[in-house]
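**Q** Take this structure, written in structure tokens, and hold onto it; I'll ask about it next.
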Amino acid sequence: MTKKQNLLKGIFQENPVFVLILGMCPVLGVTTSLLNALGMGAAFTVVLILSNILISLIRKLIPNDIRIPAYIVVIATLVTIVDMVMNAFTFSLYEELGIFIPLIVVNCVVLGRAEAYASKNGVVDSAIDALGMGLGYTIAIAIVASIREILGSGELLGFNIIPFNLFEPATIFILAPGAFITLGFLLALINVIVAKRNKKTVENK
Amino acid sequence: MNLIILGISSILIQNVILSQFLGICSYIGVSKKSQSAIGMGLAVIFVILTSSLLTFTIDKFILYPNDLIYMRTIVYILVISGVVQFVEMFIKKAAPLIYKMLGIYLPLITTNCAVLGVALTVVAPENKNWGYPEVIVYSLGISIGYTLIIYVFSTMRERLENSDIPEAFKGTPIAFITTGIMAIAFMGFAGLLG
């Protein structure tokens, strides 16, 4: 696998949210506005890249039996650092994201990449893998957040974008039920696209 | 009286799945059969109650007096995985029948964000005047709310299996949409306590 393929697999074929359906709590919880989603995506990507690099560096030192607790301690330390940095420099975003920043510790994607990739591959490859997965995650939650923000408040990043008041914003989309319904329809759309592509490759053969 | 209001509100209004979005992974993963949903629910009630009491005690007597609250995340996740391990060994010895029923769900609970979520909520700045009674009621309420929703949803999902769903919506998409509709119904409870 080339470095480019390694980067792109996290965004498309193995997108953590749309294809693997991992780490769903923040996907539903912080997607009330695009700004929150981008902030969450950035925090998540930083933790993922640093944890993949660190775990890849120490992968030969960790005894096999206690590797999961060791990974969790590494990830929890990184999350604490990110948590404190955000508290100091981006306070309003920190308040908005609230409990979802410390909860990156139990996000299955981070531990999953440590176990499935960083523990078996070199530092550079692990960093690229983490960057791809982080971007894939950020893009996915940005899509969900854009849909919810446009339909729910008629705005995107705080700007009114509905021309001539074509429709009245449906507040339900920025409330809790809207998160589930948006995600359900998006996953169905992904299913349709995947099914079409599979059909095409079968016909080409 | 405040404790009763807190209990009702943590079960129905601030429901852990439908309004706080915690524990979604296990909610989608384990709700295929009602039997396993109940098993997971019982294990979660036990672990949330034990671990939040433990972390609350540690916070009150060790972290807070020594100005170490920035260590919360690390300490809590270690305590939770310790509790899960201990609960697993204890149930295995004391009640092999229950152990057989819960079996694979127990280790999964460590990465259930509802557990860490409750542990962090009970020490959050806005709840700083909470004592043990509030912590017990809140953690019981949240975990009972989790069990209730995962059980109700598993019975719906058993019916969804037999109904005619468009190909693209089969599996997870229809599960999320059903949850959304359930969340709309639960929004009605917000008026319950006025």
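Every chain in the structure tokens takes a letter, A first, then B, and so on in the order presented; its residues are numbered from 1, and the ligands are numbered from 1 following the presented order.
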Using only C-alpha atoms, what table do you get, as a Markdown table, when you list each residue of chain B with an atom no more than 9 Å from chain A, its nearest pair of atoms, and their distance in Å rounded to one decimal, rows by chain then rising number?

**A**
| residue | atom | partner | partner_atom | distance |
| --- | --- | --- | --- | --- |
| B:Leu18 | CA | A:Ala176 | CA | 6.8 |
| B:Ser19 | CA | A:Ala176 | CA | 5.6 |
| B:Gln20 | CA | A:Gly29 | CA | 7.0 |
| B:Phe21 | CA | A:Cys25 | CA | 5.5 |
| B:Leu22 | CA | A:Cys25 | CA | 5.6 |
| B:Gly23 | CA | A:Cys25 | CA | 6.9 |
| B:Ile24 | CA | A:Cys25 | CA | 5.8 |
| B:Cys25 | CA | A:Met24 | CA | 6.4 |
| B:Tyr70 | CA | A:Thr80 | CA | 7.2 |
| B:Met71 | CA | A:Thr80 | CA | 7.5 |
| B:Arg72 | CA | A:Thr80 | CA | 8.5 |
| B:Thr73 | CA | A:Ala76 | CA | 6.4 |
| B:Ile74 | CA | A:Ala76 | CA | 5.2 |
| B:Val75 | CA | A:Ala76 | CA | 8.9 |
| B:Ile77 | CA | A:Ala76 | CA | 7.8 |
| B:Leu78 | CA | A:Val73 | CA | 7.8 |
| B:Ser81 | CA | A:Pro69 | CA | 8.4 |
| B:Thr110 | CA | A:Val106 | CA | 7.9 |
| B:Thr111 | CA | A:Val106 | CA | 5.0 |
| B:Asn112 | CA | A:Val106 | CA | 7.0 |
| B:Cys113 | CA | A:Val106 | CA | 5.9 |
| B:Leu116 | CA | A:Leu103 | CA | 7.2 |
| B:Gly117 | CA | A:Ile99 | CA | 7.0 |
| B:Leu120 | CA | A:Ile99 | CA | 7.5 |
| B:Thr121 | CA | A:Ile99 | CA | 7.9 |
| B:Glu167 | CA | A:Val192 | CA | 8.5 |
| B:Ala168 | CA | A:Ala188 | CA | 5.1 |
| B:Phe169 | CA | A:Ala188 | CA | 5.1 |
| B:Lys170 | CA | A:Ala188 | CA | 8.0 |
| B:Thr172 | CA | A:Gly184 | CA | 7.2 |
| B:Pro173 | CA | A:Gly184 | CA | 4.1 |
| B:Ile174 | CA | A:Gly184 | CA | 6.2 |
| B:Ala175 | CA | A:Gly184 | CA | 7.3 |
| B:Phe176 | CA | A:Gly184 | CA | 4.9 |
| B:Ile177 | CA | A:Ile181 | CA | 4.6 |
| B:Thr178 | CA | A:Ile181 | CA | 7.9 |
| B:Thr179 | CA | A:Phe180 | CA | 6.4 |
| B:Gly180 | CA | A:Pro177 | CA | 4.4 |
| B:Ile181 | CA | A:Pro177 | CA | 6.7 |
| B:Met182 | CA | A:Pro177 | CA | 7.9 |
| B:Ala183 | CA | A:Pro177 | CA | 5.1 |
| B:Ile184 | CA | A:Pro177 | CA | 5.7 |
| B:Met187 | CA | A:Pro177 | CA | 8.6 |

**Q** Neighbours of Ile143 of chain A within 12 Å (only C-alpha atoms; same-chain residues fewer than 5 positions away dropped), as a PyMOL selection string?

**A** chain A and resi 17-18+27-28+31-35+37-38+41+136-138+148-150+156+179+182-183+186-187

**Q** Next, dump the selected residues to file, keeping only N, CA, C and O atoms, as a short mmCIF file (atom, residue, chain, number, x, y, z; two decimals), in the first residue's frame.

**A**
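What follows is the written file selection.cif:
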data_model
loop_
_atom_site.label_atom_id
_atom_site.label_comp_id
_atom_site.auth_asym_id
_atom_site.auth_seq_id
_atom_site.Cartn_x
_atom_site.Cartn_y
_atom_site.Cartn_z
N VAL A 17 -16.68 6.84 10.51
CA VAL A 17 -18.08 7.10 10.86
C VAL A 17 -19.03 6.40 9.90
O VAL A 17 -19.89 5.62 10.31
N PHE A 18 -18.87 6.65 8.60
CA PHE A 18 -19.89 6.19 7.65
C PHE A 18 -19.74 4.72 7.29
O PHE A 18 -20.73 4.06 6.98
N VAL A 27 -20.43 12.18 17.14
CA VAL A 27 -21.07 12.44 15.85
C VAL A 27 -22.48 12.97 16.07
O VAL A 27 -22.96 13.85 15.36
N LEU A 28 -23.16 12.43 17.10
CA LEU A 28 -24.51 12.90 17.40
C LEU A 28 -24.48 14.10 18.34
O LEU A 28 -25.28 15.01 18.22
N THR A 31 -22.74 17.88 16.84
CA THR A 31 -22.98 18.35 15.49
C THR A 31 -24.12 19.35 15.39
O THR A 31 -24.76 19.45 14.36
N THR A 32 -24.36 20.12 16.45
CA THR A 32 -25.42 21.12 16.35
C THR A 32 -25.00 22.30 15.48
O THR A 32 -25.82 22.98 14.92
N SER A 33 -23.67 22.54 15.35
CA SER A 33 -23.23 23.59 14.43
C SER A 33 -21.90 23.17 13.81
O SER A 33 -21.15 22.38 14.39
N LEU A 34 -21.62 23.70 12.61
CA LEU A 34 -20.42 23.30 11.86
C LEU A 34 -19.16 23.65 12.65
O LEU A 34 -18.19 22.90 12.66
N LEU A 35 -19.19 24.81 13.34
CA LEU A 35 -18.01 25.25 14.09
C LEU A 35 -17.65 24.25 15.19
O LEU A 35 -16.49 23.85 15.32
N ALA A 37 -18.39 21.10 15.24
CA ALA A 37 -17.93 19.85 14.63
C ALA A 37 -16.48 19.97 14.20
O ALA A 37 -15.69 19.05 14.41
N LEU A 38 -16.10 21.12 13.61
CA LEU A 38 -14.71 21.30 13.18
C LEU A 38 -13.78 21.31 14.39
O LEU A 38 -12.69 20.72 14.36
N GLY A 41 -13.46 17.79 15.55
CA GLY A 41 -12.64 17.04 14.59
C GLY A 41 -11.16 17.34 14.78
O GLY A 41 -10.32 16.43 14.77
N GLY A 136 -10.96 11.79 7.85
CA GLY A 136 -12.22 11.11 7.53
C GLY A 136 -13.27 11.39 8.58
O GLY A 136 -14.43 11.69 8.27
N TYR A 137 -12.86 11.32 9.85
CA TYR A 137 -13.78 11.57 10.96
C TYR A 137 -14.29 13.01 10.92
O TYR A 137 -15.49 13.27 11.03
N THR A 138 -13.33 13.96 10.72
CA THR A 138 -13.70 15.37 10.72
C THR A 138 -14.66 15.68 9.57
O THR A 138 -15.67 16.37 9.77
N ARG A 148 -27.46 19.57 9.64
CA ARG A 148 -28.29 19.93 10.79
C ARG A 148 -28.38 21.44 10.97
O ARG A 148 -29.43 21.98 11.30
N GLU A 149 -27.23 22.15 10.74
CA GLU A 149 -27.25 23.59 10.97
C GLU A 149 -28.11 24.29 9.92
O GLU A 149 -28.88 25.20 10.24
N ILE A 150 -27.98 23.86 8.65
CA ILE A 150 -28.76 24.51 7.59
C ILE A 150 -30.25 24.26 7.79
O ILE A 150 -31.06 25.19 7.79
N LEU A 156 -25.13 28.83 8.28
CA LEU A 156 -23.93 27.99 8.23
C LEU A 156 -22.78 28.84 8.74
O LEU A 156 -22.54 29.93 8.22
N ALA A 179 -30.53 14.70 15.28
CA ALA A 179 -29.22 14.05 15.10
C ALA A 179 -29.41 12.62 14.62
O ALA A 179 -28.77 12.19 13.64
N THR A 182 -31.00 12.58 10.92
CA THR A 182 -30.03 12.97 9.90
C THR A 182 -29.04 11.84 9.64
O THR A 182 -28.76 11.48 8.50
N LEU A 183 -28.51 11.27 10.73
CA LEU A 183 -27.50 10.22 10.58
C LEU A 183 -28.11 8.99 9.90
O LEU A 183 -27.47 8.37 9.04
N LEU A 186 -28.31 9.73 6.21
CA LEU A 186 -26.97 9.74 5.61
C LEU A 186 -26.43 8.33 5.41
O LEU A 186 -25.87 8.01 4.35
N LEU A 187 -26.62 7.48 6.43
CA LEU A 187 -26.10 6.10 6.31
C LEU A 187 -26.83 5.36 5.20
O LEU A 187 -26.23 4.57 4.47
#

**Q** List every residue of segment 61-187 of chain A that DSSP, applied to the backbone of this structure, assigns to alpha helix (DSSP H), and report them as a PyMOL selection string.

**A** chain A and resi 67-89+91-97+108-113+123-153+176-187

**Q** Please, what distance in Å, to one decimal, runs between atom CA of Tyr76 of chain B and atom CA of Asn15 of chain A?

**A**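 Pair atom CA of Tyr76 of chain B / atom CA of Asn15 of chain A returns 29.6 Å.
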
**Q** Please compute the atom CA of Phe186 of chain B-atom CA of Val122 of chain B distance, one decimal, in Å.

**A**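 About the pair atom CA of Phe186 of chain B and atom CA of Val122 of chain B: they are 23.2 Å apart.
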